[in-house]
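K.L.:
Here you go, one structure.
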Amino acid sequence: MTEVTMNIWRGDSNGGNFEQYKLERVEGEVVLDVVHRIQATLAPDLACRWNCKAGKCGSCSAEIDGKPSLMCMTRMDTLPNDTITITPMKTFPIIKDLVTDVSFNYVMARQIPPFTPGKPQPDGTYRMQQVDIDRAQEFHKCIECFLCQDVCHVIRDHEVNKLYYAGPRFFVKLASLEMHPLDTVDRRALMREYLGLGFCNITKCCTEVCPEHIKITDNAIIPLKERVVDASYDPIAWLGRKIRRKSKMTAQEAYELAPARVAPTSLDGIPATAVED
Ligand code: SF4
Ligand code: SF4
Ligand code: FES
């Protein structure tokens, strides 16, 4: 019989420390199984968030031996050591033990103007090319685990950036909207001026931790950056707009379409200052 030692951070917003739990190893378990056994036998007050235990709800996110991961998708036999350390996601405020307050992400989600289709075809239908569907398909696999937000150094290490930076999960969302051939909103100025796309320096850490293997940097962020550059600095695109007499949407115009926007002059403490429409 082999033993495993689980080193789990316990505490709340006032502070905490690591507690060690020794258990028998059971073949085939994932980290969440062991956490559940600890709750059942050693520490019934240990808090952790979970729901599906199938890698689909995105709620069991934590840091396992320092790596942002889903506890339900991390097999115990893939971890090399007999002592395993589990900490809550570092980027978000602690509620209790392994549970963090991820509401920053919900506030960010509401800064994004939703899908806005144009007029349908004369027969009342909308049509898309298969190539457009294929391109956006991977973006719709996002389970909102926020592991990419957790690992992104722009959010993690610079508290003030959180206020001006949507983060990789929402660049994925923005890419799915911007690449949608039926959508009519131009979010490029919004991304540049309010959602911080320029802060991303393409380190690809977000892509490395995504459990859905979305190529966040290559397929979402870099194409968005190219689109923003085209909209702002490309003289040929500028000439094309002049000839077609079509102006690009300003950041403020796009922002007005978001479900809840944050007043740019009062950005300290986003959740408290979200402006409801
Ligand atoms: S590539 Fe950009 S969004 Fe992703 S982790 Fe790095 S800085 Fe953050
Ligand atoms: S993009 Fe990937 S890592 Fe980020 S929230 Fe979605 S599933 Fe999680
Ligand atoms: S419990 Fe749903 S993703 Fe882990």
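Starting from 1 in every chain, residues are counted up; chains themselves are A, B, ... following the order of the structure tokens, and ligands are numbered from 1 as listed.
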Which residues come within 9 Å of A:Gly58, counting only C-alpha atoms, excluding same-chain residues fewer than 4 positions away, as a ChimeraX atom specification?
P.N.:
/A:50-52,70,142-147
K.L.:
Among stretch 2-185 of chain A, which ones does DSSP place in alpha helix (DSSP H), written as a PyMOL selection string?
P.N.:
chain A and resi 31-41+103-109+130-137+147-151+153-156+168-178
K.L.:
Would you write out those residues with N, CA and C atoms, as a compact mmCIF listing (two decimals), in the first residue's frame?
P.N.:
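Written output follows (out20.txt):
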# COMPACT_ATOMS: atom_id res chain seq x y z
N VAL A 31 -7.27 14.03 -8.91
CA VAL A 31 -7.04 14.85 -7.70
C VAL A 31 -8.35 15.15 -6.99
N LEU A 32 -9.41 15.42 -7.74
CA LEU A 32 -10.69 15.74 -7.09
C LEU A 32 -11.21 14.58 -6.25
N ASP A 33 -10.97 13.34 -6.70
CA ASP A 33 -11.38 12.18 -5.89
C ASP A 33 -10.69 12.21 -4.53
N VAL A 34 -9.42 12.53 -4.52
CA VAL A 34 -8.67 12.54 -3.26
C VAL A 34 -9.17 13.67 -2.37
N VAL A 35 -9.46 14.82 -2.97
CA VAL A 35 -10.01 15.93 -2.18
C VAL A 35 -11.35 15.51 -1.57
N HIS A 36 -12.16 14.81 -2.34
CA HIS A 36 -13.44 14.32 -1.80
C HIS A 36 -13.23 13.31 -0.67
N ARG A 37 -12.20 12.48 -0.79
CA ARG A 37 -11.93 11.52 0.30
C ARG A 37 -11.47 12.25 1.56
N ILE A 38 -10.72 13.33 1.36
CA ILE A 38 -10.31 14.13 2.53
C ILE A 38 -11.55 14.73 3.19
N GLN A 39 -12.46 15.25 2.36
CA GLN A 39 -13.69 15.83 2.93
C GLN A 39 -14.49 14.77 3.68
N ALA A 40 -14.50 13.55 3.14
CA ALA A 40 -15.33 12.50 3.74
C ALA A 40 -14.73 11.93 5.01
N THR A 41 -13.39 11.97 5.11
CA THR A 41 -12.78 11.24 6.22
C THR A 41 -11.95 12.10 7.18
N SER A 103 -15.71 36.59 -9.78
CA SER A 103 -16.72 37.50 -10.34
C SER A 103 -16.12 38.57 -11.23
N PHE A 104 -14.81 38.85 -11.10
CA PHE A 104 -14.14 39.76 -12.03
C PHE A 104 -14.44 39.36 -13.48
N ASN A 105 -14.46 38.06 -13.71
CA ASN A 105 -14.68 37.57 -15.08
C ASN A 105 -16.11 37.86 -15.56
N TYR A 106 -17.05 37.81 -14.64
CA TYR A 106 -18.44 38.07 -15.06
C TYR A 106 -18.61 39.55 -15.37
N VAL A 107 -17.90 40.38 -14.63
CA VAL A 107 -17.96 41.81 -14.93
C VAL A 107 -17.35 42.07 -16.31
N MET A 108 -16.20 41.43 -16.57
CA MET A 108 -15.56 41.60 -17.88
C MET A 108 -16.47 41.11 -19.01
N ALA A 109 -17.16 39.99 -18.76
CA ALA A 109 -18.03 39.44 -19.80
C ALA A 109 -19.09 40.46 -20.21
N GLN A 130 -19.20 27.12 -44.48
CA GLN A 130 -18.67 26.12 -43.55
C GLN A 130 -17.29 26.53 -43.01
N VAL A 131 -16.51 27.20 -43.86
CA VAL A 131 -15.17 27.59 -43.42
C VAL A 131 -15.24 28.56 -42.24
N ASP A 132 -16.26 29.42 -42.21
CA ASP A 132 -16.42 30.36 -41.09
C ASP A 132 -16.84 29.63 -39.82
N ILE A 133 -17.68 28.62 -40.00
CA ILE A 133 -18.11 27.83 -38.83
C ILE A 133 -16.91 27.07 -38.26
N ASP A 134 -16.14 26.47 -39.15
CA ASP A 134 -14.97 25.70 -38.70
C ASP A 134 -13.98 26.58 -37.94
N ARG A 135 -13.77 27.80 -38.44
CA ARG A 135 -12.78 28.68 -37.82
C ARG A 135 -13.17 29.05 -36.38
N ALA A 136 -14.47 29.29 -36.15
CA ALA A 136 -14.89 29.73 -34.81
C ALA A 136 -15.20 28.56 -33.87
N GLN A 137 -15.22 27.34 -34.42
CA GLN A 137 -15.67 26.19 -33.61
C GLN A 137 -14.87 26.03 -32.32
N LEU A 147 -8.75 29.27 -16.05
CA LEU A 147 -7.35 28.93 -15.81
C LEU A 147 -6.43 29.85 -16.63
N CYS A 148 -6.90 30.22 -17.82
CA CYS A 148 -6.08 31.12 -18.65
C CYS A 148 -6.00 32.50 -18.00
N GLN A 149 -7.11 32.95 -17.40
CA GLN A 149 -7.09 34.24 -16.71
C GLN A 149 -6.15 34.15 -15.49
N ASP A 150 -6.17 32.98 -14.84
CA ASP A 150 -5.34 32.79 -13.66
C ASP A 150 -3.85 32.87 -14.00
N VAL A 151 -3.46 32.28 -15.12
CA VAL A 151 -2.02 32.19 -15.42
C VAL A 151 -1.49 33.45 -16.11
N HIS A 153 0.02 36.70 -16.82
CA HIS A 153 0.78 37.59 -15.92
C HIS A 153 0.27 39.01 -15.95
N VAL A 154 -0.40 39.41 -17.02
CA VAL A 154 -0.91 40.79 -17.08
C VAL A 154 -1.97 40.99 -16.00
N ILE A 155 -2.76 39.95 -15.74
CA ILE A 155 -3.77 40.05 -14.68
C ILE A 155 -3.15 39.69 -13.33
N ARG A 156 -2.33 38.66 -13.33
CA ARG A 156 -1.84 38.08 -12.07
C ARG A 156 -0.89 39.02 -11.31
N PRO A 168 -7.32 36.59 -21.56
CA PRO A 168 -7.40 35.63 -22.66
C PRO A 168 -8.77 35.00 -22.87
N ARG A 169 -9.49 34.69 -21.77
CA ARG A 169 -10.80 34.07 -21.98
C ARG A 169 -11.69 35.00 -22.82
N PHE A 170 -11.59 36.29 -22.56
CA PHE A 170 -12.49 37.21 -23.26
C PHE A 170 -11.93 37.63 -24.61
N PHE A 171 -10.65 37.45 -24.84
CA PHE A 171 -10.14 37.61 -26.21
C PHE A 171 -10.66 36.46 -27.08
N VAL A 172 -10.79 35.29 -26.47
CA VAL A 172 -11.40 34.16 -27.20
C VAL A 172 -12.85 34.50 -27.57
N LYS A 173 -13.57 35.05 -26.61
CA LYS A 173 -14.97 35.44 -26.85
C LYS A 173 -15.03 36.51 -27.95
N LEU A 174 -14.15 37.50 -27.84
CA LEU A 174 -14.14 38.58 -28.83
C LEU A 174 -13.78 38.05 -30.22
N ALA A 175 -12.86 37.09 -30.27
CA ALA A 175 -12.50 36.51 -31.57
C ALA A 175 -13.69 35.79 -32.18
N SER A 176 -14.45 35.08 -31.35
CA SER A 176 -15.61 34.36 -31.89
C SER A 176 -16.64 35.34 -32.46
N LEU A 177 -16.73 36.51 -31.87
CA LEU A 177 -17.68 37.51 -32.37
C LEU A 177 -17.12 38.23 -33.60
N GLU A 178 -15.85 38.64 -33.50
CA GLU A 178 -15.25 39.40 -34.61
C GLU A 178 -15.14 38.57 -35.89
K.L.:
I'd like a table as a Markdown table: residues in stretch 39-62 of chain A with an atom no more than 9 Å from stretch 76-95 of chain A, each row giving the shortest atom pair and its distance in Å to one decimal, only C-alpha atoms counted, sorted by chain and rising residue number.
P.N.:
| residue | atom | partner | partner_atom | distance |
| --- | --- | --- | --- | --- |
| A:Cys48 | CA | A:Pro88 | CA | 9.0 |
| A:Ser61 | CA | A:Met89 | CA | 7.1 |
| A:Ala62 | CA | A:Pro88 | CA | 4.9 |
K.L.:
Write out the residues from the selection above, keeping N, CA and C atoms, as a PDB file, in the first residue's frame.
P.N.:
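out_33.pdb written:
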ATOM      1  N   CYS A  48     -14.199  23.196  -1.550  1.00  0.00           N
ATOM      2  CA  CYS A  48     -13.741  23.197  -2.938  1.00  0.00           C
ATOM      3  C   CYS A  48     -14.981  23.265  -3.823  1.00  0.00           C
ATOM      4  N   SER A  61     -11.282  24.466 -10.883  1.00  0.00           N
ATOM      5  CA  SER A  61      -9.951  25.020 -11.171  1.00  0.00           C
ATOM      6  C   SER A  61      -9.164  25.283  -9.893  1.00  0.00           C
ATOM      7  N   ALA A  62      -7.894  24.922  -9.915  1.00  0.00           N
ATOM      8  CA  ALA A  62      -6.991  25.186  -8.787  1.00  0.00           C
ATOM      9  C   ALA A  62      -5.565  25.117  -9.322  1.00  0.00           C
TER      10      ALA A  62
END
K.L.:
Give the residue list for ligand 1 at 7 Å, counting only C-alpha atoms and all ligand atoms, as a PDB file with C-alpha atoms, in the first residue's frame, sorted by chain and then by residue number.
P.N.:
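In the end it all went to result.pdb:
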ATOM      1  CA  CYS A 148      -6.085  31.123 -18.653  1.00  0.00           C
ATOM      2  CA  VAL A 151      -2.024  32.192 -15.423  1.00  0.00           C
ATOM      3  CA  CYS A 152      -1.911  35.404 -17.462  1.00  0.00           C
ATOM      4  CA  HIS A 153       0.780  37.587 -15.924  1.00  0.00           C
ATOM      5  CA  VAL A 154      -0.908  40.792 -17.081  1.00  0.00           C
ATOM      6  CA  GLY A 167      -7.820  38.703 -20.467  1.00  0.00           C
ATOM      7  CA  PRO A 168      -7.401  35.628 -22.660  1.00  0.00           C
ATOM      8  CA  PHE A 199      -1.027  44.589 -23.069  1.00  0.00           C
ATOM      9  CA  CYS A 200      -0.842  40.950 -24.173  1.00  0.00           C
ATOM     10  CA  ASN A 201       2.729  40.154 -25.150  1.00  0.00           C
ATOM     11  CA  ILE A 202       1.946  36.745 -26.637  1.00  0.00           C
ATOM     12  CA  THR A 203       3.738  34.605 -24.070  1.00  0.00           C
ATOM     13  CA  LYS A 204       1.298  31.736 -24.778  1.00  0.00           C
ATOM     14  CA  CYS A 205       1.023  30.728 -21.098  1.00  0.00           C
ATOM     15  CA  CYS A 206      -2.769  30.873 -21.457  1.00  0.00           C
ATOM     16  CA  THR A 207      -2.688  28.396 -24.340  1.00  0.00           C
ATOM     17  CA  THR A 217      -2.757  33.047 -28.670  1.00  0.00           C
TER      18      THR A 217
END
K.L.:
Leaving out A:Met191 and any residue of its chain fewer than 4 positions from it, which residues lie within 12 Å of it when counting only C-alpha atoms, given as a PyMOL selection string?
P.N.:
chain A and resi 111-113+164-167+170-171+173-175+178+186-187+195-200+221+224-229+231-232+249-252+254-255
K.L.:
Can I get the selected residues back with N, CA and C atoms, as a compact mmCIF listing (two decimals), in the first residue's frame?
P.N.:
# COMPACT_ATOMS: atom_id res chain seq x y z
N GLN A 111 -18.78 43.60 -20.40
CA GLN A 111 -18.25 44.76 -21.13
C GLN A 111 -18.27 44.54 -22.63
N ILE A 112 -18.63 43.32 -23.04
CA ILE A 112 -18.50 42.96 -24.46
C ILE A 112 -19.84 43.03 -25.16
N PRO A 113 -19.97 43.86 -26.20
CA PRO A 113 -21.23 43.90 -26.95
C PRO A 113 -21.57 42.52 -27.50
N TYR A 164 -8.32 47.18 -16.71
CA TYR A 164 -8.27 47.61 -18.10
C TYR A 164 -8.00 46.46 -19.06
N TYR A 165 -8.12 45.25 -18.59
CA TYR A 165 -7.64 44.12 -19.39
C TYR A 165 -8.66 42.98 -19.36
N ALA A 166 -9.22 42.68 -20.49
CA ALA A 166 -10.25 41.64 -20.53
C ALA A 166 -9.67 40.27 -20.22
N GLY A 167 -8.47 39.99 -20.73
CA GLY A 167 -7.82 38.70 -20.47
C GLY A 167 -8.13 37.68 -21.55
N PHE A 170 -11.59 36.29 -22.56
CA PHE A 170 -12.49 37.21 -23.26
C PHE A 170 -11.93 37.63 -24.61
N PHE A 171 -10.65 37.45 -24.84
CA PHE A 171 -10.14 37.61 -26.21
C PHE A 171 -10.66 36.46 -27.08
N LYS A 173 -13.57 35.05 -26.61
CA LYS A 173 -14.97 35.44 -26.85
C LYS A 173 -15.03 36.51 -27.95
N LEU A 174 -14.15 37.50 -27.84
CA LEU A 174 -14.14 38.58 -28.83
C LEU A 174 -13.78 38.05 -30.22
N ALA A 175 -12.86 37.09 -30.27
CA ALA A 175 -12.50 36.51 -31.57
C ALA A 175 -13.69 35.79 -32.18
N GLU A 178 -15.85 38.64 -33.50
CA GLU A 178 -15.25 39.40 -34.61
C GLU A 178 -15.14 38.57 -35.89
N ASP A 186 -18.49 46.46 -34.72
CA ASP A 186 -17.04 46.58 -34.88
C ASP A 186 -16.43 46.83 -33.50
N ARG A 187 -15.77 45.80 -32.93
CA ARG A 187 -15.24 45.92 -31.55
C ARG A 187 -13.75 46.23 -31.53
N LEU A 195 -10.23 47.41 -23.61
CA LEU A 195 -10.12 46.02 -23.17
C LEU A 195 -8.69 45.50 -23.16
N GLY A 196 -7.72 46.37 -23.46
CA GLY A 196 -6.32 46.08 -23.19
C GLY A 196 -5.65 45.05 -24.08
N LEU A 197 -6.13 44.87 -25.30
CA LEU A 197 -5.52 43.85 -26.16
C LEU A 197 -4.01 44.08 -26.33
N GLY A 198 -3.60 45.35 -26.36
CA GLY A 198 -2.19 45.66 -26.56
C GLY A 198 -1.30 45.24 -25.40
N PHE A 199 -1.85 45.03 -24.21
CA PHE A 199 -1.03 44.59 -23.07
C PHE A 199 -0.53 43.16 -23.24
N CYS A 200 -1.25 42.35 -24.00
CA CYS A 200 -0.84 40.95 -24.17
C CYS A 200 0.45 40.89 -24.97
N ILE A 221 -5.86 35.66 -30.23
CA ILE A 221 -5.25 36.96 -29.88
C ILE A 221 -4.47 37.56 -31.05
N LEU A 224 -6.72 38.95 -33.67
CA LEU A 224 -7.37 40.17 -33.18
C LEU A 224 -6.41 41.35 -33.24
N LYS A 225 -5.17 41.11 -32.83
CA LYS A 225 -4.18 42.19 -32.89
C LYS A 225 -4.01 42.67 -34.33
N GLU A 226 -3.98 41.73 -35.27
CA GLU A 226 -3.84 42.13 -36.68
C GLU A 226 -5.02 42.98 -37.13
N ARG A 227 -6.21 42.59 -36.70
CA ARG A 227 -7.41 43.35 -37.09
C ARG A 227 -7.38 44.75 -36.49
N VAL A 228 -6.90 44.85 -35.25
CA VAL A 228 -6.84 46.17 -34.61
C VAL A 228 -5.82 47.06 -35.33
N VAL A 229 -4.70 46.47 -35.70
CA VAL A 229 -3.69 47.25 -36.42
C VAL A 229 -4.24 47.69 -37.77
N ALA A 231 -7.30 48.26 -38.55
CA ALA A 231 -8.31 49.30 -38.36
C ALA A 231 -7.68 50.64 -38.01
N SER A 232 -6.54 50.60 -37.31
CA SER A 232 -5.98 51.85 -36.79
C SER A 232 -4.90 52.45 -37.68
N MET A 249 -16.39 51.76 -36.24
CA MET A 249 -17.11 52.10 -35.01
C MET A 249 -16.11 52.56 -33.96
N THR A 250 -16.43 53.61 -33.23
CA THR A 250 -15.51 54.05 -32.17
C THR A 250 -15.67 53.14 -30.96
N ALA A 251 -14.67 53.22 -30.06
CA ALA A 251 -14.73 52.41 -28.84
C ALA A 251 -15.98 52.75 -28.05
N GLN A 252 -16.29 54.03 -27.98
CA GLN A 252 -17.44 54.45 -27.17
C GLN A 252 -18.74 53.93 -27.77
N ALA A 254 -19.13 51.24 -29.57
CA ALA A 254 -19.21 49.80 -29.29
C ALA A 254 -19.55 49.56 -27.83
N TYR A 255 -18.95 50.35 -26.96
CA TYR A 255 -19.16 50.19 -25.52
C TYR A 255 -20.62 50.40 -25.14
K.L.:
Could you work out how far atom 4 (Fe, counted along the ligand's line) of ligand 3 lies from atom CA of A:Met71, giving the answer in Å with one decimal?
P.N.:
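Separating atom CA of A:Met71 from atom 4 (Fe, counted along the ligand's line) of ligand 3 is a distance of 5.9 Å.
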K.L.:
Report the distance between atom CA of A:Leu46 and atom CA of A:Arg10 in Å, rounded to one decimal place.
P.N.:
7.5 Å
K.L.:
Quick one: distance from atom CA of A:Gly28 to atom CA of A:Pro211 in Å, one decimal?
P.N.:
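Between these atoms lies a distance of 19.4 Å.
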K.L.:
Compare A:Tyr126, A:Tyr194, A:Tyr233, A:Trp9 by their minimum atom-to-atom distance to A:Lys96, counting only C-alpha atoms, and give me the closest one.
P.N.:
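With only C-alpha atoms as the atom set, the closest residue is A:Trp9.
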K.L.:
Would you list, as a list in words, the residues of stretch 65-270 of chain A that end up in strand (DSSP E or B) under DSSP run on this structure's backbone?
P.N.:
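Here is the list: Lys67, Pro68, Ser69, Leu70, Arg75, Thr83, Ile84, Thr85, Ile86, Thr87, Ile94, Ile95, Lys96, Val99, Thr100, Pro117, Asp183, Ala260, Arg261 and Val262 of chain A.
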K.L.:
Restrict the selected residues to N, CA, C and O atoms and save them as a PDB file, in the first residue's frame.
P.N.:
ATOM      1  N   LYS A  67       0.746  24.388 -11.023  1.00  0.00           N
ATOM      2  CA  LYS A  67       0.240  24.569 -12.382  1.00  0.00           C
ATOM      3  C   LYS A  67      -1.286  24.714 -12.369  1.00  0.00           C
ATOM      4  O   LYS A  67      -1.983  23.849 -11.817  1.00  0.00           O
ATOM      5  N   PRO A  68      -1.817  25.797 -12.964  1.00  0.00           N
ATOM      6  CA  PRO A  68      -3.271  25.930 -13.035  1.00  0.00           C
ATOM      7  C   PRO A  68      -3.878  24.741 -13.790  1.00  0.00           C
ATOM      8  O   PRO A  68      -3.508  24.474 -14.947  1.00  0.00           O
ATOM      9  N   SER A  69      -4.788  24.020 -13.131  1.00  0.00           N
ATOM     10  CA  SER A  69      -5.324  22.775 -13.696  1.00  0.00           C
ATOM     11  C   SER A  69      -6.734  22.543 -13.184  1.00  0.00           C
ATOM     12  O   SER A  69      -7.132  23.082 -12.157  1.00  0.00           O
ATOM     13  N   LEU A  70      -7.450  21.673 -13.888  1.00  0.00           N
ATOM     14  CA  LEU A  70      -8.735  21.190 -13.379  1.00  0.00           C
ATOM     15  C   LEU A  70      -8.455  20.007 -12.453  1.00  0.00           C
ATOM     16  O   LEU A  70      -7.794  19.042 -12.861  1.00  0.00           O
ATOM     17  N   ARG A  75      -5.024  13.297 -13.333  1.00  0.00           N
ATOM     18  CA  ARG A  75      -4.881  11.951 -12.758  1.00  0.00           C
ATOM     19  C   ARG A  75      -3.747  11.941 -11.741  1.00  0.00           C
ATOM     20  O   ARG A  75      -2.688  12.517 -11.981  1.00  0.00           O
ATOM     21  N   THR A  83       4.190  13.886  -2.493  1.00  0.00           N
ATOM     22  CA  THR A  83       3.543  15.019  -1.814  1.00  0.00           C
ATOM     23  C   THR A  83       3.017  15.958  -2.889  1.00  0.00           C
ATOM     24  O   THR A  83       3.776  16.417  -3.752  1.00  0.00           O
ATOM     25  N   ILE A  84       1.723  16.198  -2.837  1.00  0.00           N
ATOM     26  CA  ILE A  84       1.088  17.011  -3.883  1.00  0.00           C
ATOM     27  C   ILE A  84       0.516  18.262  -3.230  1.00  0.00           C
ATOM     28  O   ILE A  84      -0.196  18.186  -2.221  1.00  0.00           O
ATOM     29  N   THR A  85       0.848  19.406  -3.807  1.00  0.00           N
ATOM     30  CA  THR A  85       0.402  20.672  -3.222  1.00  0.00           C
ATOM     31  C   THR A  85      -0.747  21.242  -4.046  1.00  0.00           C
ATOM     32  O   THR A  85      -0.653  21.342  -5.278  1.00  0.00           O
ATOM     33  N   ILE A  86      -1.811  21.583  -3.355  1.00  0.00           N
ATOM     34  CA  ILE A  86      -2.962  22.194  -4.042  1.00  0.00           C
ATOM     35  C   ILE A  86      -3.235  23.553  -3.410  1.00  0.00           C
ATOM     36  O   ILE A  86      -3.415  23.655  -2.186  1.00  0.00           O
ATOM     37  N   THR A  87      -3.270  24.565  -4.265  1.00  0.00           N
ATOM     38  CA  THR A  87      -3.577  25.920  -3.789  1.00  0.00           C
ATOM     39  C   THR A  87      -4.720  26.481  -4.638  1.00  0.00           C
ATOM     40  O   THR A  87      -4.937  26.041  -5.769  1.00  0.00           O
ATOM     41  N   ILE A  94      -9.534  35.080  -2.450  1.00  0.00           N
ATOM     42  CA  ILE A  94      -9.941  33.836  -1.775  1.00  0.00           C
ATOM     43  C   ILE A  94     -11.306  34.022  -1.121  1.00  0.00           C
ATOM     44  O   ILE A  94     -11.551  35.046  -0.477  1.00  0.00           O
ATOM     45  N   ILE A  95     -12.150  33.024  -1.245  1.00  0.00           N
ATOM     46  CA  ILE A  95     -13.371  32.982  -0.420  1.00  0.00           C
ATOM     47  C   ILE A  95     -13.091  32.046   0.762  1.00  0.00           C
ATOM     48  O   ILE A  95     -13.096  32.443   1.902  1.00  0.00           O
ATOM     49  N   LYS A  96     -12.784  30.779   0.446  1.00  0.00           N
ATOM     50  CA  LYS A  96     -12.415  29.827   1.510  1.00  0.00           C
ATOM     51  C   LYS A  96     -11.659  28.660   0.884  1.00  0.00           C
ATOM     52  O   LYS A  96     -12.110  28.117  -0.140  1.00  0.00           O
ATOM     53  N   VAL A  99     -11.630  27.693  -2.836  1.00  0.00           N
ATOM     54  CA  VAL A  99     -12.687  28.419  -3.573  1.00  0.00           C
ATOM     55  C   VAL A  99     -12.312  29.891  -3.695  1.00  0.00           C
ATOM     56  O   VAL A  99     -12.032  30.551  -2.688  1.00  0.00           O
ATOM     57  N   THR A 100     -12.310  30.382  -4.927  1.00  0.00           N
ATOM     58  CA  THR A 100     -11.970  31.791  -5.163  1.00  0.00           C
ATOM     59  C   THR A 100     -13.170  32.542  -5.727  1.00  0.00           C
ATOM     60  O   THR A 100     -14.099  31.942  -6.268  1.00  0.00           O
ATOM     61  N   PRO A 117     -26.655  40.259 -35.216  1.00  0.00           N
ATOM     62  CA  PRO A 117     -26.713  39.935 -36.659  1.00  0.00           C
ATOM     63  C   PRO A 117     -27.370  41.060 -37.448  1.00  0.00           C
ATOM     64  O   PRO A 117     -28.153  41.850 -36.909  1.00  0.00           O
ATOM     65  N   ASP A 183     -22.115  38.958 -37.866  1.00  0.00           N
ATOM     66  CA  ASP A 183     -22.137  39.977 -36.818  1.00  0.00           C
ATOM     67  C   ASP A 183     -21.860  41.357 -37.425  1.00  0.00           C
ATOM     68  O   ASP A 183     -21.088  41.487 -38.378  1.00  0.00           O
ATOM     69  N   ALA A 260     -23.406  45.733 -19.694  1.00  0.00           N
ATOM     70  CA  ALA A 260     -23.118  46.574 -18.532  1.00  0.00           C
ATOM     71  C   ALA A 260     -21.720  47.100 -18.711  1.00  0.00           C
ATOM     72  O   ALA A 260     -20.793  46.322 -18.856  1.00  0.00           O
ATOM     73  N   ARG A 261     -21.548  48.374 -18.732  1.00  0.00           N
ATOM     74  CA  ARG A 261     -20.209  48.894 -18.964  1.00  0.00           C
ATOM     75  C   ARG A 261     -19.721  49.618 -17.713  1.00  0.00           C
ATOM     76  O   ARG A 261     -20.504  50.093 -16.891  1.00  0.00           O
ATOM     77  N   VAL A 262     -18.400  49.697 -17.626  1.00  0.00           N
ATOM     78  CA  VAL A 262     -17.780  50.369 -16.493  1.00  0.00           C
ATOM     79  C   VAL A 262     -17.416  51.772 -16.933  1.00  0.00           C
ATOM     80  O   VAL A 262     -16.790  51.954 -17.972  1.00  0.00           O
TER      81      VAL A 262
END
K.L.:
Counting only C-alpha atoms and all ligand atoms, which residue out of A:Glu256, A:Asp157, A:Glu212, A:Asp218 sits closest to ligand 3?
P.N.:
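For ligand 3, the nearest of the candidates is A:Glu212.
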